[in-house]
Amino acid sequence: MKKKWIATAAIALLIVIVAVVIIRHATHRPAQAIVDGTIECDEISISSKVPGRIQKLLVDEGMPVKPGDSLAILESREIDAKVEQSTAAYQSTLSRVSQAGIALKLQQLTYTDQLKEVQSQYNAHQEDIRQAEEGLNQAKANFKTQSDTYRRFKGLFADGVIPEQTEQDYEYRYLAAKAQLGAAESKLQQAKESVKAAGSALQLAKDASLQVNLRQQEQSAVAQQAQAAHGQMNEAVALQAETQIVSPVYGYVSEKISNGGEMVAPGFPMLTIVRANDFKVKVYVDESKFGRLQLGHEIKVIIPALANQEISGRLIRISQSADFATKRATNEQGSYDVRGIQLVIKLNDDSRFRNGMTARVMLPEGEN
């Protein structure tokens, strides 16, 4: 009986222990602390790169915008005039480039045709010299033959061996050969003079290539002027485009600083846009209580403006150094300053968020 009673007591004790463990596990929840902060998001000041009068404001405070949406239109007659002037200057230089190209092409064609013609004439006169030299050599050979024959037969006539008629025939041949030799020499001289003149003409034709180079330089200079004019036109057009003020981001207009009809200077803000995404909450927490927090942890945030809706966020930054004392030092022995650490929680995107909303950050403090 005693053993049976001990066994029953042991079973009862085990049941009690299991029940306590189950109850404790069911009611075990980490303790939380709530730190109030505000929702923050980047604000962008919208301004112009150029001066002008606001011709029209196309948005009002609270309006949503997206990248590329027109926000305002500036009136700037000076820029419009500059665009017209630079465009006309560019068109003028394009016309000059075309004219320079035509002049260069004509100069090249003229140079090529003249050089080809003069080269042909020079070659022809060179051939005349060759033929004249051959004729001169033949005339010299014939003259020598006729001269030797004439001297021989003249001596025979003097000795009375041959009649006078025969001697006169050889004299005539001699004189004819002499005349032919003179004509051949004269023809060769004329051919040389013609070659000399053709050579001078050929050199002049070759020198005409300098005119081609000059035309090329003129065309290059005008092309550079056209390029510069094109750059000035692009600059003016780009400035003109700056009179159309557009939104660079998704967001909503939080403040309208300028109104239609006002003059604005470059860089002067006309509107303020708050981004519609990348909302964050920054809070300062007691360094002695939240040392267990780590980057990337999910953090719950309560938004009172949204009927105390609980929003998920993620811890993205813990300041590297403590700042902003949350408790002051006392004169008590062993006391010390307790400072705050900044936490930044990135919220999941929600179109209902607005910059400056109250946010209650729920931070785990420990376990019960």
# chains A, B, ... in the order shown; residues from 1 in each chain; ligands from 1

$ select_by_dssp --residues "region 108-355 of chain A" --states "helix (DSSP H, G or I)" --output "PyMOL selection string"
chain A and resi 108-158+164-207+209-241+304-306

$ residues_around --residues "region 30-45 of chain A" --least-positions-apart "6" --cutoff "8 Å" --atoms "only C-alpha atoms" --output "number ranges by chain"
A: 269-285, 353-368

$ select_by_dssp --residues "region 131-278 of chain A" --states "strand (DSSP E or B)" --output "NGL selection string"
:A and (244-246 or 251-256 or 263-264 or 271-275)

$ write_last_selection --atoms "N, CA and C atoms" --output "tab-separated table (two decimals), in the first residue's frame"
chain	number	residue	atom	x	y	z
A	244	GLN	N	9.93	74.13	-68.59
A	244	GLN	CA	8.89	73.16	-68.26
A	244	GLN	C	9.33	72.41	-67.01
A	245	ILE	N	8.76	72.76	-65.87
A	245	ILE	CA	9.17	72.17	-64.59
A	245	ILE	C	8.40	70.87	-64.39
A	246	VAL	N	9.13	69.77	-64.19
A	246	VAL	CA	8.50	68.46	-64.03
A	246	VAL	C	8.94	67.84	-62.71
A	251	GLY	N	5.45	61.27	-55.36
A	251	GLY	CA	5.20	61.91	-54.08
A	251	GLY	C	3.95	62.75	-54.14
A	252	TYR	N	3.89	63.75	-53.28
A	252	TYR	CA	2.77	64.67	-53.28
A	252	TYR	C	3.29	66.05	-52.93
A	253	VAL	N	2.58	67.06	-53.40
A	253	VAL	CA	2.99	68.45	-53.16
A	253	VAL	C	2.66	68.80	-51.72
A	254	SER	N	3.68	69.11	-50.97
A	254	SER	CA	3.47	69.44	-49.55
A	254	SER	C	3.34	70.94	-49.32
A	255	GLU	N	3.98	71.74	-50.18
A	255	GLU	CA	3.90	73.18	-49.98
A	255	GLU	C	4.08	73.90	-51.31
A	256	LYS	N	3.26	74.88	-51.53
A	256	LYS	CA	3.36	75.74	-52.71
A	256	LYS	C	3.95	77.07	-52.26
A	263	MET	N	7.96	86.29	-60.56
A	263	MET	CA	9.28	86.07	-61.12
A	263	MET	C	10.08	85.18	-60.17
A	264	VAL	N	10.78	84.21	-60.74
A	264	VAL	CA	11.62	83.34	-59.92
A	264	VAL	C	13.03	83.35	-60.48
A	271	LEU	N	8.09	74.89	-55.27
A	271	LEU	CA	7.24	73.89	-54.64
A	271	LEU	C	8.10	72.99	-53.77
A	272	THR	N	7.44	72.30	-52.87
A	272	THR	CA	8.12	71.25	-52.10
A	272	THR	C	7.34	69.95	-52.29
A	273	ILE	N	8.07	68.91	-52.65
A	273	ILE	CA	7.46	67.60	-52.86
A	273	ILE	C	8.00	66.63	-51.82
A	274	VAL	N	7.11	65.90	-51.20
A	274	VAL	CA	7.49	64.85	-50.27
A	274	VAL	C	7.40	63.52	-51.01
A	275	ARG	N	8.44	62.74	-50.91
A	275	ARG	CA	8.44	61.44	-51.56
A	275	ARG	C	7.29	60.57	-51.05

$ residues_around --residues "region 146-153 of chain A" --least-positions-apart "3" --cutoff "7 Å" --atoms "only C-alpha atoms" --output "ChimeraX atom specification"
/A:142-143,156-157,167,170-171,173-174,177

$ write_last_selection --atoms "N, CA and C atoms" --output "PDB file, in the first residue's frame"
ATOM      1  N   ASN A 142      73.310  60.457-142.207  1.00  0.00           N
ATOM      2  CA  ASN A 142      73.168  60.740-143.640  1.00  0.00           C
ATOM      3  C   ASN A 142      74.094  61.879-144.047  1.00  0.00           C
ATOM      4  N   PHE A 143      74.205  62.911-143.170  1.00  0.00           N
ATOM      5  CA  PHE A 143      75.075  64.038-143.489  1.00  0.00           C
ATOM      6  C   PHE A 143      76.525  63.587-143.572  1.00  0.00           C
ATOM      7  N   LEU A 156      87.766  63.931-157.317  1.00  0.00           N
ATOM      8  CA  LEU A 156      87.821  63.252-158.610  1.00  0.00           C
ATOM      9  C   LEU A 156      87.483  64.223-159.732  1.00  0.00           C
ATOM     10  N   PHE A 157      86.568  65.132-159.470  1.00  0.00           N
ATOM     11  CA  PHE A 157      86.212  66.110-160.490  1.00  0.00           C
ATOM     12  C   PHE A 157      87.382  67.059-160.755  1.00  0.00           C
ATOM     13  N   GLU A 167      79.642  65.568-160.282  1.00  0.00           N
ATOM     14  CA  GLU A 167      80.119  66.286-159.089  1.00  0.00           C
ATOM     15  C   GLU A 167      79.014  67.166-158.533  1.00  0.00           C
ATOM     16  N   TYR A 170      76.400  65.074-156.458  1.00  0.00           N
ATOM     17  CA  TYR A 170      76.846  64.749-155.101  1.00  0.00           C
ATOM     18  C   TYR A 170      76.888  65.989-154.196  1.00  0.00           C
ATOM     19  N   GLU A 171      77.166  67.125-154.788  1.00  0.00           N
ATOM     20  CA  GLU A 171      77.132  68.360-154.022  1.00  0.00           C
ATOM     21  C   GLU A 171      75.685  68.660-153.560  1.00  0.00           C
ATOM     22  N   ARG A 173      73.335  66.463-153.062  1.00  0.00           N
ATOM     23  CA  ARG A 173      72.993  65.514-151.986  1.00  0.00           C
ATOM     24  C   ARG A 173      73.622  65.953-150.650  1.00  0.00           C
ATOM     25  N   TYR A 174      74.837  66.449-150.762  1.00  0.00           N
ATOM     26  CA  TYR A 174      75.519  66.916-149.560  1.00  0.00           C
ATOM     27  C   TYR A 174      74.773  68.085-148.934  1.00  0.00           C
ATOM     28  N   ALA A 177      71.520  66.913-147.329  1.00  0.00           N
ATOM     29  CA  ALA A 177      71.760  66.247-146.045  1.00  0.00           C
ATOM     30  C   ALA A 177      72.085  67.271-144.960  1.00  0.00           C
TER      31      ALA A 177
END

$ residues_around --residues "Glu218 (chain A)" --least-positions-apart "5" --cutoff "10 Å" --atoms "only C-alpha atoms" --output "short mmCIF file (atom, residue, chain, number, x, y, z; two decimals) with C-alpha atoms, in the first residue's frame"
data_model
loop_
_atom_site.label_atom_id
_atom_site.label_comp_id
_atom_site.auth_asym_id
_atom_site.auth_seq_id
_atom_site.Cartn_x
_atom_site.Cartn_y
_atom_site.Cartn_z
CA ARG A 96 28.06 77.28 -95.62
CA VAL A 97 29.22 73.72 -95.02
CA ALA A 100 32.21 74.61 -99.02
CA GLY A 101 31.65 70.97 -99.91
CA ALA A 103 33.46 74.23 -103.91
CA LEU A 104 35.85 71.52 -102.75
CA VAL A 212 42.36 71.74 -103.08
CA ASN A 213 44.02 71.67 -99.67
CA ALA A 223 32.30 72.31 -90.23
CA GLN A 224 33.82 73.22 -86.86
#

$ closest_residue --among "A:Ile15, A:Gln219, A:Val59, A:Gln165" --to "Ser258 (chain A)" --atoms "only C-alpha atoms"
A:Val59

$ closest_residue --among "A:Glu185, A:Glu117, A:Glu75, A:Asp169" --to "Leu136 (chain A)" --atoms "only C-alpha atoms"
A:Glu185

$ decode --residues "region 123-148 of chain A" --atoms "C-alpha atoms" --output "PDB file, in the first residue's frame"
ATOM      1  CA  ASN A 123      54.094  62.903-122.194  1.00  0.00           C
ATOM      2  CA  ALA A 124      53.339  63.716-125.845  1.00  0.00           C
ATOM      3  CA  HIS A 125      56.161  66.296-125.960  1.00  0.00           C
ATOM      4  CA  GLN A 126      58.485  63.777-124.351  1.00  0.00           C
ATOM      5  CA  GLU A 127      57.631  61.442-127.220  1.00  0.00           C
ATOM      6  CA  ASP A 128      58.325  64.294-129.676  1.00  0.00           C
ATOM      7  CA  ILE A 129      61.801  64.662-128.183  1.00  0.00           C
ATOM      8  CA  ARG A 130      62.439  60.950-128.554  1.00  0.00           C
ATOM      9  CA  GLN A 131      61.367  61.025-132.210  1.00  0.00           C
ATOM     10  CA  ALA A 132      63.328  64.248-132.838  1.00  0.00           C
ATOM     11  CA  GLU A 133      66.445  62.657-131.367  1.00  0.00           C
ATOM     12  CA  GLU A 134      66.015  59.618-133.639  1.00  0.00           C
ATOM     13  CA  GLY A 135      65.536  61.932-136.651  1.00  0.00           C
ATOM     14  CA  LEU A 136      68.632  63.914-135.659  1.00  0.00           C
ATOM     15  CA  ASN A 137      70.726  60.772-135.368  1.00  0.00           C
ATOM     16  CA  GLN A 138      69.551  59.661-138.822  1.00  0.00           C
ATOM     17  CA  ALA A 139      70.224  63.134-140.256  1.00  0.00           C
ATOM     18  CA  LYS A 140      73.731  63.118-138.722  1.00  0.00           C
ATOM     19  CA  ALA A 141      74.491  59.695-140.222  1.00  0.00           C
ATOM     20  CA  ASN A 142      73.168  60.740-143.640  1.00  0.00           C
ATOM     21  CA  PHE A 143      75.075  64.038-143.489  1.00  0.00           C
ATOM     22  CA  LYS A 144      78.315  62.251-142.693  1.00  0.00           C
ATOM     23  CA  THR A 145      77.808  59.837-145.574  1.00  0.00           C
ATOM     24  CA  GLN A 146      76.913  62.593-148.036  1.00  0.00           C
ATOM     25  CA  SER A 147      79.739  64.800-146.790  1.00  0.00           C
ATOM     26  CA  ASP A 148      82.354  62.056-147.208  1.00  0.00           C
TER      27      ASP A 148
END
